[in-house]
$ cat final29.txt   # compact mmCIF, C-alpha atoms
# COMPACT_ATOMS: atom_id res chain seq x y z
CA MET Q 1 -29.95 8.35 -4.04
CA ALA Q 2 -30.47 11.87 -5.29
CA ARG Q 3 -32.09 12.88 -2.00
CA ALA Q 4 -29.35 11.18 -0.05
CA ALA Q 5 -26.73 12.94 -2.14
CA ALA Q 6 -28.43 16.21 -1.26
CA GLY Q 7 -27.84 15.48 2.42
CA ASP Q 8 -31.14 13.85 3.34
CA LEU Q 9 -30.21 11.35 6.05
CA ALA Q 10 -33.69 9.86 6.16
CA ALA Q 11 -33.48 9.07 2.47
CA PHE Q 12 -30.11 7.45 2.96
CA ASN Q 13 -31.49 5.39 5.83
CA GLU Q 14 -34.11 4.00 3.45
CA ILE Q 15 -31.22 2.68 1.39
CA VAL Q 16 -29.65 1.27 4.54
CA VAL Q 17 -32.83 -0.59 5.40
CA ALA Q 18 -33.06 -1.99 1.90
CA TYR Q 19 -29.50 -3.29 1.75
CA GLN Q 20 -28.33 -3.92 5.30
CA ASP Q 21 -29.25 -7.62 5.25
CA LEU Q 22 -27.41 -8.18 1.99
CA LEU Q 23 -24.31 -6.31 3.11
CA PHE Q 24 -24.17 -8.04 6.44
CA ALA Q 25 -24.58 -11.43 4.78
CA VAL Q 26 -21.79 -10.72 2.32
CA VAL Q 27 -19.40 -9.31 4.90
CA VAL Q 28 -19.99 -11.93 7.57
CA ARG Q 29 -19.43 -14.69 5.03
CA VAL Q 30 -16.23 -13.11 3.88
CA VAL Q 31 -15.01 -12.23 7.34
CA GLY Q 32 -16.53 -15.10 9.29
CA ASP Q 33 -16.97 -13.11 12.49
CA ARG Q 34 -20.33 -11.55 13.35
CA GLU Q 35 -19.02 -8.75 15.54
CA ALA Q 36 -16.27 -7.72 13.16
CA ALA Q 37 -18.72 -7.99 10.26
CA ALA Q 38 -21.26 -5.77 12.02
CA ASP Q 39 -18.62 -3.13 12.67
CA ALA Q 40 -17.45 -3.37 9.08
CA VAL Q 41 -20.99 -2.95 7.74
CA GLN Q 42 -21.59 0.05 9.97
CA ASP Q 43 -18.33 1.56 8.77
CA ALA Q 44 -19.33 0.82 5.20
CA PHE Q 45 -22.64 2.66 5.54
CA LEU Q 46 -20.89 5.60 7.20
CA HIS Q 47 -18.35 5.66 4.39
CA ALA Q 48 -21.13 5.45 1.82
CA TRP Q 49 -22.94 8.38 3.45
CA ARG Q 50 -19.81 10.51 3.49
CA ASN Q 51 -19.06 9.65 -0.12
CA VAL Q 52 -22.57 9.51 -1.48
CA ARG Q 53 -21.74 12.25 -3.93
CA SER Q 54 -19.10 10.04 -5.49
CA TYR Q 55 -21.83 7.62 -6.59
CA ARG Q 56 -21.75 7.66 -10.38
CA GLY Q 57 -24.88 5.76 -11.21
CA GLY Q 58 -25.24 2.05 -11.82
CA LEU Q 59 -26.58 -0.44 -9.35
CA VAL Q 60 -26.70 0.84 -5.79
CA ARG Q 61 -26.34 -2.76 -4.67
CA GLY Q 62 -22.99 -3.10 -6.41
CA TRP Q 63 -21.75 0.27 -5.17
CA LEU Q 64 -22.62 -0.56 -1.57
CA ALA Q 65 -21.28 -4.10 -1.85
CA ARG Q 66 -17.97 -2.77 -3.10
CA ILE Q 67 -17.69 -0.42 -0.12
CA ALA Q 68 -18.65 -3.23 2.25
CA LEU Q 69 -16.10 -5.55 0.66
CA ASN Q 70 -13.42 -2.95 1.21
CA ALA Q 71 -14.42 -2.78 4.86
CA ALA Q 72 -14.31 -6.57 5.03
CA THR Q 73 -10.87 -6.54 3.47
CA ASP Q 74 -9.72 -4.16 6.19
CA VAL Q 75 -10.98 -6.61 8.80
CA LEU Q 76 -9.12 -9.48 7.15
CA ARG Q 77 -5.98 -7.38 6.95
CA ARG Q 78 -6.19 -6.53 10.63
CA ARG Q 79 -6.73 -10.19 11.42
CA LYS Q 80 -3.61 -11.13 9.51
CA ARG Q 81 -1.66 -8.65 11.59
CA ARG Q 82 -3.22 -10.07 14.76
CA PRO Q 83 -3.83 -13.73 14.04
CA SER Q 84 -4.86 -14.43 17.63
CA GLU Q 85 -8.33 -13.05 16.91
CA PRO Q 86 -10.80 -15.89 17.33
CA TYR Q 87 -12.75 -17.40 14.47
CA PRO Q 88 -16.52 -17.49 14.72
CA GLU Q 89 -18.57 -20.16 16.35
CA TRP Q 90 -20.47 -21.84 13.59
CA GLU Q 91 -22.94 -23.37 15.97
CA ASP Q 92 -24.25 -19.90 16.70
CA ASP Q 93 -28.06 -20.06 16.51
CA ALA Q 94 -28.14 -16.81 14.60
CA TRP Q 95 -26.76 -18.72 11.63
CA GLN Q 96 -29.51 -21.28 11.47
CA PRO Q 97 -32.04 -20.74 8.70
CA PRO Q 98 -35.68 -20.90 9.72
CA SER Q 99 -37.32 -24.19 8.88
CA GLY Q 100 -40.80 -24.25 7.44
CA PRO Q 101 -43.58 -26.28 9.02
CA THR Q 102 -43.92 -28.54 5.95
CA THR Q 103 -40.25 -29.40 5.66
CA ASP Q 104 -39.24 -33.01 5.91
CA PRO Q 105 -37.25 -33.24 9.16
CA GLU Q 106 -34.67 -35.62 7.74
CA HIS Q 107 -34.16 -33.50 4.68
CA GLU Q 108 -33.88 -30.44 6.88
CA VAL Q 109 -31.20 -32.05 9.02
CA THR Q 110 -29.20 -32.91 5.92
CA ARG Q 111 -29.66 -29.46 4.52
CA ARG Q 112 -28.41 -27.87 7.72
CA ALA Q 113 -25.47 -30.23 7.83
CA ARG Q 114 -24.62 -29.28 4.24
CA GLY Q 115 -24.87 -25.62 5.09
CA ARG Q 116 -22.66 -25.94 8.14
CA ALA Q 117 -20.10 -27.97 6.23
CA LEU Q 118 -20.04 -25.46 3.41
CA ALA Q 119 -19.80 -22.49 5.77
CA ALA Q 120 -16.90 -24.08 7.62
CA ALA Q 121 -15.15 -25.06 4.40
CA LEU Q 122 -15.58 -21.57 3.01
CA LEU Q 123 -13.41 -20.23 5.80
CA THR Q 124 -10.54 -22.51 4.85
CA ILE Q 125 -10.08 -21.34 1.27
CA THR Q 126 -8.22 -18.19 0.34
CA ASP Q 127 -9.76 -14.78 1.00
CA GLU Q 128 -9.91 -13.99 -2.71
CA GLN Q 129 -11.58 -17.28 -3.61
CA ARG Q 130 -14.05 -16.92 -0.73
CA ARG Q 131 -14.95 -13.39 -1.79
CA ALA Q 132 -15.55 -14.50 -5.37
CA ILE Q 133 -17.63 -17.52 -4.38
CA VAL Q 134 -19.71 -15.58 -1.87
CA LEU Q 135 -20.46 -12.91 -4.45
CA TYR Q 136 -21.14 -15.29 -7.34
CA ASP Q 137 -22.55 -18.50 -5.91
CA VAL Q 138 -24.16 -17.22 -2.75
CA GLU Q 139 -25.31 -13.68 -3.52
CA GLY Q 140 -25.80 -14.06 -7.25
CA PHE Q 141 -23.69 -11.19 -8.58
CA ASP Q 142 -22.54 -11.73 -12.14
CA TYR Q 143 -18.96 -11.87 -13.36
CA PRO Q 144 -18.66 -8.24 -14.56
CA GLU Q 145 -20.18 -6.91 -11.33
CA ILE Q 146 -17.71 -8.91 -9.27
CA ALA Q 147 -14.83 -7.77 -11.45
CA ARG Q 148 -15.82 -4.14 -10.88
CA MET Q 149 -16.31 -4.65 -7.15
CA THR Q 150 -13.06 -6.44 -6.56
CA GLY Q 151 -10.99 -4.52 -9.08
CA VAL Q 152 -9.71 -7.52 -11.00
CA SER Q 153 -10.23 -8.82 -14.52
CA LEU Q 154 -13.09 -11.01 -15.61
CA GLY Q 155 -10.71 -13.91 -16.15
CA THR Q 156 -9.35 -13.58 -12.64
CA VAL Q 157 -12.86 -13.60 -11.21
CA LYS Q 158 -13.72 -16.78 -13.10
CA SER Q 159 -10.46 -18.42 -12.16
CA ARG Q 160 -11.00 -17.63 -8.49
CA ILE Q 161 -14.49 -19.09 -8.61
CA HIS Q 162 -13.41 -22.28 -10.34
CA ARG Q 163 -10.38 -22.81 -8.15
CA GLY Q 164 -12.36 -21.89 -5.07
CA ARG Q 165 -14.99 -24.50 -5.88
CA LEU Q 166 -12.32 -27.11 -6.44
CA ALA Q 167 -10.74 -26.18 -3.13
CA LEU Q 168 -14.10 -26.40 -1.39
CA ARG Q 169 -14.68 -29.83 -2.85
CA ASP Q 170 -11.27 -30.97 -1.61
CA ARG Q 171 -12.02 -29.60 1.87
CA LEU Q 172 -15.33 -31.45 1.89
CA ALA Q 173 -13.84 -34.73 0.63
CA ASP Q 174 -15.02 -36.70 3.66
CA GLN Q 175 -18.51 -35.16 3.64
CA LEU Q 176 -19.35 -35.41 -0.03
CA GLU Q 177 -22.14 -37.85 0.64
CA LEU Q 178 -24.09 -34.89 2.00
CA PHE Q 179 -24.16 -33.49 -1.52
CA ARG Q 180 -24.82 -36.75 -3.33
CA ASP Q 181 -28.20 -37.72 -1.95
CA MET P 1 -6.53 -45.29 -9.02
CA GLY P 2 -8.63 -48.33 -9.21
CA MET P 3 -11.14 -46.73 -11.49
CA THR P 4 -13.36 -48.61 -13.87
CA ASP P 5 -14.65 -47.29 -17.12
CA VAL P 6 -18.27 -46.30 -16.90
CA ARG P 7 -18.83 -47.85 -20.29
CA GLY P 8 -17.21 -51.08 -19.29
CA GLY P 9 -15.00 -52.03 -22.24
CA ARG P 10 -12.38 -49.29 -22.20
CA PRO P 11 -9.29 -49.17 -20.02
CA PRO P 12 -9.60 -46.93 -16.95
CA ALA P 13 -8.77 -43.28 -17.58
CA ASP P 14 -5.81 -41.67 -15.86
CA HIS P 15 -7.71 -39.14 -13.77
CA ALA P 16 -4.56 -37.71 -12.22
CA ALA P 17 -3.56 -36.36 -15.61
CA HIS P 18 -6.96 -34.79 -16.28
CA ASP P 19 -7.54 -31.09 -16.12
CA ARG P 20 -9.71 -30.50 -13.05
CA LEU P 21 -9.97 -26.83 -13.83
CA LEU P 22 -11.54 -27.67 -17.16
CA ILE P 23 -14.16 -29.77 -15.39
CA ALA P 24 -14.75 -26.90 -12.96
CA ARG P 25 -15.19 -24.50 -15.85
CA ALA P 26 -17.66 -26.85 -17.46
CA ALA P 27 -19.57 -27.09 -14.19
CA SER P 28 -20.07 -23.34 -14.07
CA ASP P 29 -21.12 -22.96 -17.71
CA ASP P 30 -17.96 -21.05 -18.49
CA ASP P 31 -17.35 -20.32 -22.15
CA LEU P 32 -15.62 -23.38 -23.51
CA THR P 33 -14.27 -23.80 -27.00
CA GLN P 34 -15.62 -26.64 -29.09
CA ALA P 35 -12.44 -28.58 -28.49
CA GLU P 36 -12.77 -28.09 -24.74
CA GLN P 37 -16.40 -29.12 -24.82
CA ALA P 38 -15.44 -32.26 -26.66
CA THR P 39 -12.71 -33.02 -24.15
CA VAL P 40 -15.09 -32.51 -21.24
CA ALA P 41 -17.72 -34.71 -22.81
CA GLU P 42 -15.14 -37.42 -23.39
CA ARG P 43 -13.84 -37.18 -19.82
CA LEU P 44 -17.29 -37.26 -18.28
CA ALA P 45 -18.12 -40.33 -20.31
CA THR P 46 -14.93 -42.26 -19.66
CA CYS P 47 -13.61 -41.12 -16.30
CA PRO P 48 -15.80 -41.79 -13.27
CA ASP P 49 -13.72 -39.49 -11.07
CA CYS P 50 -14.18 -36.65 -13.55
CA ALA P 51 -17.89 -37.35 -13.63
CA ALA P 52 -18.05 -37.39 -9.84
CA LEU P 53 -16.09 -34.16 -9.65
CA HIS P 54 -18.44 -32.51 -12.12
CA ALA P 55 -21.52 -33.71 -10.23
CA ASP P 56 -20.10 -32.63 -6.88
CA LEU P 57 -19.25 -29.16 -8.16
CA LEU P 58 -22.76 -28.74 -9.53
CA ALA P 59 -24.29 -29.93 -6.27
CA MET P 60 -22.06 -27.63 -4.25
CA ALA P 61 -23.01 -24.66 -6.38
CA VAL P 62 -26.67 -25.37 -5.72
CA ALA P 63 -26.04 -25.89 -2.02
CA LEU P 64 -24.12 -22.65 -1.76
CA ARG P 65 -27.16 -20.84 -3.09
CA THR P 66 -29.82 -22.65 -1.09
CA ASP P 67 -28.38 -24.34 1.98
CA LEU P 68 -25.90 -21.91 3.39
CA PRO P 69 -27.29 -20.53 6.65
CA THR P 70 -28.59 -17.01 6.38
CA PRO P 71 -26.82 -14.87 8.92
CA GLN P 72 -29.10 -12.70 11.00
CA ARG P 73 -27.73 -9.22 11.41
CA PRO P 74 -27.16 -8.36 15.05
CA ARG P 75 -28.40 -4.78 14.84
CA ASP P 76 -29.93 -2.08 12.73
CA PHE P 77 -27.35 -0.22 10.69
CA ARG P 78 -29.35 2.94 10.09
CA LEU P 79 -27.32 6.05 10.73
CA SER P 80 -28.23 8.51 13.42
CA PRO P 81 -27.10 12.13 13.42
CA ASP P 82 -24.80 11.59 16.40
CA MET P 83 -22.99 8.83 14.47
CA LEU P 84 -22.13 11.34 11.80
CA VAL P 85 -20.25 13.56 14.21
CA ARG P 86 -16.73 12.42 13.98
CA GLY P 87 -13.72 13.53 15.91
CA PRO P 88 -10.83 15.24 14.24
CA THR P 89 -8.58 13.02 12.19
CA TRP P 90 -4.98 12.55 13.24
CA ARG P 91 -3.94 15.03 10.59
CA GLU P 92 -6.27 17.66 11.94
CA ARG P 93 -5.14 17.03 15.51
CA LEU P 94 -1.50 17.24 14.49
CA SER P 95 -2.13 20.35 12.46
CA ARG P 96 -3.92 22.02 15.34
CA GLY P 97 -1.18 21.08 17.76
CA LEU P 98 1.51 22.41 15.48
CA ALA P 99 -0.45 25.53 14.71
CA GLY P 100 -0.60 26.59 18.33
CA PRO P 101 1.00 29.92 19.25
CA ALA P 102 3.37 28.11 21.58
CA MET P 103 5.07 26.58 18.56
CA ARG P 104 6.17 29.90 17.07
CA PRO P 105 9.08 30.47 19.46
CA VAL P 106 10.12 26.87 18.89
CA ALA P 107 10.15 27.44 15.15
CA ALA P 108 12.11 30.66 15.59
CA ALA P 109 14.60 28.89 17.84
CA ILE P 110 15.05 26.11 15.29
CA CYS P 111 15.57 28.70 12.59
CA ALA P 112 18.15 30.61 14.67
CA PHE P 113 19.95 27.42 15.64
CA GLY P 114 20.12 26.39 12.01
CA LEU P 115 21.60 29.74 11.06
CA LEU P 116 24.15 29.43 13.84
CA LEU P 117 25.11 25.97 12.64
CA ALA P 118 25.50 27.14 9.07
CA VAL P 119 27.67 30.08 10.10
CA THR P 120 29.78 27.86 12.29
CA GLY P 121 30.17 25.47 9.39
CA THR P 122 31.50 28.25 7.21
CA VAL P 123 34.00 29.42 9.78
CA LEU P 124 35.44 26.25 11.24
CA PRO P 125 36.64 24.48 8.11
CA ARG P 126 37.98 27.69 6.74
CA ALA P 127 40.34 28.05 9.68
CA ALA P 128 41.47 24.50 9.23
CA THR P 129 42.05 25.03 5.52
CA THR P 130 43.94 28.22 6.17
CA SER P 131 46.36 26.54 8.50
CA THR P 132 46.84 23.70 6.05
CA GLN P 133 47.39 26.04 3.19
CA SER P 134 49.85 28.09 5.17
CA THR P 135 52.14 25.15 5.23
CA VAL P 136 51.56 24.17 1.66
CA GLY P 137 51.69 27.74 0.45
CA SER P 138 55.05 28.27 2.07
CA ALA P 139 56.39 25.25 0.31
CA VAL P 140 55.07 26.40 -3.01
CA THR P 141 55.99 30.04 -2.68
CA GLY P 142 59.43 29.76 -4.15
CA ALA P 143 58.50 27.20 -6.76
CA GLY P 144 57.02 29.43 -9.40
CA ALA P 145 54.09 31.30 -7.97
CA PRO P 146 54.26 34.15 -10.50
CA ALA P 147 53.36 31.75 -13.26
CA ALA P 148 49.91 31.36 -11.81
CA LEU P 149 49.05 35.02 -11.62
CA PRO P 150 46.88 35.10 -14.75
CA ALA P 151 44.58 32.60 -13.15
CA LEU P 152 43.45 35.08 -10.52
CA PRO P 153 40.82 37.06 -12.46
CA SER P 154 39.01 33.98 -13.64
CA ALA P 155 39.19 32.45 -10.22
CA ALA P 156 37.56 35.55 -8.78
CA ALA P 157 34.47 34.77 -10.79
CA THR P 158 33.17 32.52 -8.06
CA PRO P 159 32.42 33.58 -4.51
CA ALA P 160 34.88 31.07 -3.16
CA ALA P 161 37.59 32.20 -5.41
CA THR P 162 36.78 35.81 -4.67
CA ALA P 163 37.09 35.29 -0.98
CA GLU P 164 40.36 33.52 -1.35
CA ALA P 165 41.68 35.97 -3.84
CA ASN P 166 40.94 38.73 -1.39
CA GLY P 167 42.74 36.80 1.27
CA SER P 168 45.85 36.49 -0.81
CA GLY P 169 45.73 40.15 -1.70
CA LYS P 170 45.84 41.15 1.91
CA ALA P 171 48.78 38.92 2.53
CA GLY P 172 50.90 40.74 0.04
CA GLY P 173 52.04 40.40 -3.52
CA PRO P 174 52.52 37.30 -5.52
CA GLY P 175 55.33 35.20 -4.40
CA SER P 176 55.01 36.27 -0.82
CA SER P 177 51.57 34.79 -0.37
CA ALA P 178 51.46 32.47 2.57
CA VAL P 179 47.70 32.41 2.93
CA GLY P 180 44.95 31.82 0.43
CA VAL P 181 44.67 30.27 -2.96
CA ASP P 182 47.38 28.14 -4.34
CA LEU P 183 49.18 30.22 -6.89
CA GLY P 184 51.11 27.45 -8.52
CA PRO P 185 50.26 26.06 -11.94
CA PRO P 186 47.16 23.87 -11.96
CA GLN P 187 49.05 20.68 -12.47
CA ALA P 188 51.36 21.49 -9.56
CA ARG P 189 48.65 22.51 -7.11
CA PRO P 190 48.93 20.32 -4.07
CA THR P 191 45.59 21.29 -2.55
CA VAL P 192 42.12 22.28 -3.43
CA PRO P 193 41.13 25.18 -1.23
CA SER P 194 38.15 24.06 0.76
CA GLY P 195 36.20 27.19 0.08
CA VAL P 196 33.18 28.39 1.92
CA PHE P 197 30.07 29.00 -0.15
CA GLY P 198 29.26 26.95 -3.18
CA ARG P 199 31.80 24.38 -2.25
CA ALA P 200 31.04 21.00 -3.74
CA PRO P 201 32.76 17.74 -3.03
CA SER P 202 34.19 17.75 -6.53
CA GLY P 203 35.28 21.35 -6.18
CA ALA P 204 33.75 22.01 -9.55
CA ALA P 205 33.50 25.82 -9.62
CA GLY P 206 36.85 26.65 -8.15
CA ASP P 207 38.66 24.02 -10.09
CA LEU P 208 37.21 24.97 -13.41
CA ALA P 209 38.00 28.60 -12.78
CA ALA P 210 41.54 27.74 -11.87
CA GLY P 211 42.17 25.69 -14.93
CA GLY P 212 40.02 22.60 -14.83
CA ALA P 213 42.52 20.31 -13.14
CA PRO P 214 41.05 17.45 -11.18
CA PRO P 215 40.74 18.15 -7.46
CA SER P 216 43.11 16.70 -5.00
CA VAL P 217 42.65 16.14 -1.34
CA ALA P 218 44.28 18.57 0.98
CA PRO P 219 47.17 17.16 2.95
CA GLY P 220 46.16 16.32 6.45
CA ALA P 221 42.46 16.11 5.59
CA ALA P 222 40.78 12.78 6.13
CA ALA P 223 40.06 11.09 2.86
CA SER P 224 37.14 9.15 4.26
CA GLY P 225 33.92 10.59 5.67
CA PRO P 226 32.17 13.85 4.96
CA ASP P 227 33.78 17.15 5.68
CA PRO P 228 32.51 18.41 9.06
CA GLY P 229 32.11 21.90 7.72
CA THR P 230 29.90 20.70 4.90
CA VAL P 231 27.81 18.66 7.28
CA LEU P 232 27.36 21.63 9.59
CA ILE P 233 26.39 23.91 6.75
CA GLY P 234 23.93 21.37 5.32
CA ALA P 235 22.31 20.64 8.63
CA GLY P 236 22.21 24.32 9.53
CA LEU P 237 20.59 25.34 6.28
CA LEU P 238 18.07 22.54 6.61
CA LEU P 239 17.10 23.65 10.11
CA PHE P 240 17.08 27.29 9.04
CA ILE P 241 14.69 26.61 6.17
CA THR P 242 12.49 24.26 8.18
CA GLY P 243 12.25 26.55 11.17
CA GLY P 244 11.75 29.63 9.04
CA GLY P 245 9.07 27.95 6.97
CA ALA P 246 7.24 26.77 10.06
CA PHE P 247 7.49 30.23 11.57
CA LEU P 248 5.95 31.82 8.49
CA VAL P 249 3.19 29.20 8.26
CA LEU P 250 2.31 29.61 11.91
CA ARG P 251 2.04 33.35 11.46
CA ARG P 252 -0.49 32.88 8.70
CA ARG P 253 -2.50 30.22 10.49
CA PRO P 254 -3.01 31.05 14.12
CA ALA P 255 -4.69 28.46 16.31
$ encode --input "final29.txt" --output "structure tokens"
Amino acid sequence: MARAAAGDLAAFNEIVVAYQDLLFAVVVRVVGDREAAADAVQDAFLHAWRNVRSYRGGLVRGWLARIALNAATDVLRRRKRRPSEPYPEWEDDAWQPPSGPTTDPEHEVTRRARGRALAAALLTITDEQRRAIVLYDVEGFDYPEIARMTGVSLGTVKSRIHRGRLALRDRLADQLELFRD
Amino acid sequence: MGMTDVRGGRPPADHAAHDRLLIARAASDDDLTQAEQATVAERLATCPDCAALHADLLAMAVALRTDLPTPQRPRDFRLSPDMLVRGPTWRERLSRGLAGPAMRPVAAAICAFGLLLAVTGTVLPRAATTSTQSTVGSAVTGAGAPAALPALPSAAATPAATAEANGSGKAGGPGSSAVGVDLGPPQARPTVPSGVFGRAPSGAAGDLAAGGAPPSVAPGAAASGPDPGTVLIGAGLLLFITGGGAFLVLRRRPA
């Protein structure tokens, strides 16, 4: 970070390489659209480069995730202004996780079905709940990190996670057997 | 709800009245008080729906971590030097456009037009007031004008009063004044002279100088709507200041 802050683009690109998968995963899950997410992540890295001197220590991961979340929020805001923008195609092959050679085929089918159901249900809950669940349940950030990233209190973060999970469970009411095997 | 007690002997619990959020908190290891923990334990033991909800939430949390498809990024996000070259922002473009030398005459013209408006605003209403006051002044002339003479020096303390006092001086002595300030006693004044500079809607300066009587509307003047002279002066001064400011800024910052 120190080299990047001194204007070393190569050093900054090392950071990009280290975190681009994480940021894209976070943003695309929040936004739900690969193209928009890719643009948002690129914007986030550009913003981070231009503001690298404003980095005040702490986890680089959290700093970058916060910038990426802001970019994702911009995408969601634009989408609300233009609701005709299409939602993603969840059958996109790029979303399928690689299956190992030793995996039980039946188990793998169920696992993929669970993943698809969850991904689709995630898009139906509120933006705030989705953001909190993606950061906490999917990416493993802790409560204080999420509170700092999203600019809300710890209690609000927890409440969004709990309510988001309840909402997800309601959305998945007719597919709960996938989770009960 | 058709539920049966998991322990068999107890009556079915009313799941609709149970706190789902509490179950959700318990499922994510949120800090629960001892009382809440006891409630959750009781619900999980007696209410099958609560138990199912708890189990589903736990299973979903695990699935979110392990089963959600991993999105493959469509491209490399490393920055290249050409990506860092950005075009001017809208502010910079606007600033450059406004800072062009072609804008200086425009600014000067705006400034001159504003000045013209302001001057016009000072002249036009004054003529109207003068004609109004001629009539009123004639009516008041024989009604005790000399009694108001002592008010003149204090009235001259303001520019408006000075101008009007000068006007009445030219017209002749007291009692023969047909133009200018009302020379009657404050309580008998039928008009408030709509002065030129420093004129406020309440007529504060002139009125206070003339004795502090509340202002009255000049006969013939419309009671509703702003005075056209005031509007002209305001708009003119605004344009004058804006145009002049822009002219000075453009001189300091050539394109």
$ residues_around --input "final29.txt" --residues "segment 66-71 of chain Q" --least-positions-apart "5" --cutoff "6 Å" --atoms "only C-alpha atoms" --output "PyMOL selection string"
chain Q and resi 40-41+44+149
$ interface_residues --input "final29.txt" --of "chain P" --to "chain Q" --cutoff "9 Å" --atoms "only C-alpha atoms" --output "number ranges by chain"
P: 20-22, 24-25, 27-28, 30, 53, 55-57, 59-81, 83-84
$ residues_around --input "final29.txt" --residues "segment 234-243 of chain P" --least-positions-apart "6" --cutoff "9 Å" --atoms "all atoms listed in the file" --output "list in words"
Val106, Ala107, Ala108, Ala109, Ile110, Cys111, Ala112, Phe113, Gly114, Leu115, Leu116, Leu117, Ala118, Val119, Thr120 and Gly121 of chain P
$ atom_distance --input "final29.txt" --atom1 "atom CA of Arg79 of chain Q" --atom2 "atom CA of Phe141 of chain Q"
26.2 Å
$ atom_distance --input "final29.txt" --atom1 "atom CA of Val75 of chain Q" --atom2 "atom CA of Thr124 of chain Q"
16.4 Å
$ axis_aligned_box --input "final29.txt" --around "segment 142-158 of chain Q" --padding-each-side "6 Å" --output "AutoDock Vina command-line options"
--center_x -15.9 --center_y -10.5 --center_z -11.4 --size_x 25.2 --size_y 24.6 --size_z 21.6
$ atom_distance --input "final29.txt" --atom1 "atom CA of Leu154 of chain Q" --atom2 "atom CA of Asp142 of chain Q"
10.1 Å
$ residues_around --input "final29.txt" --residues "Ala48 of chain Q" --least-positions-apart "5" --cutoff "9 Å" --atoms "only C-alpha atoms" --output "list in words"
Asp43, Arg53, Ser54, Tyr55, Trp63, Leu64 and Ile67 of chain Q
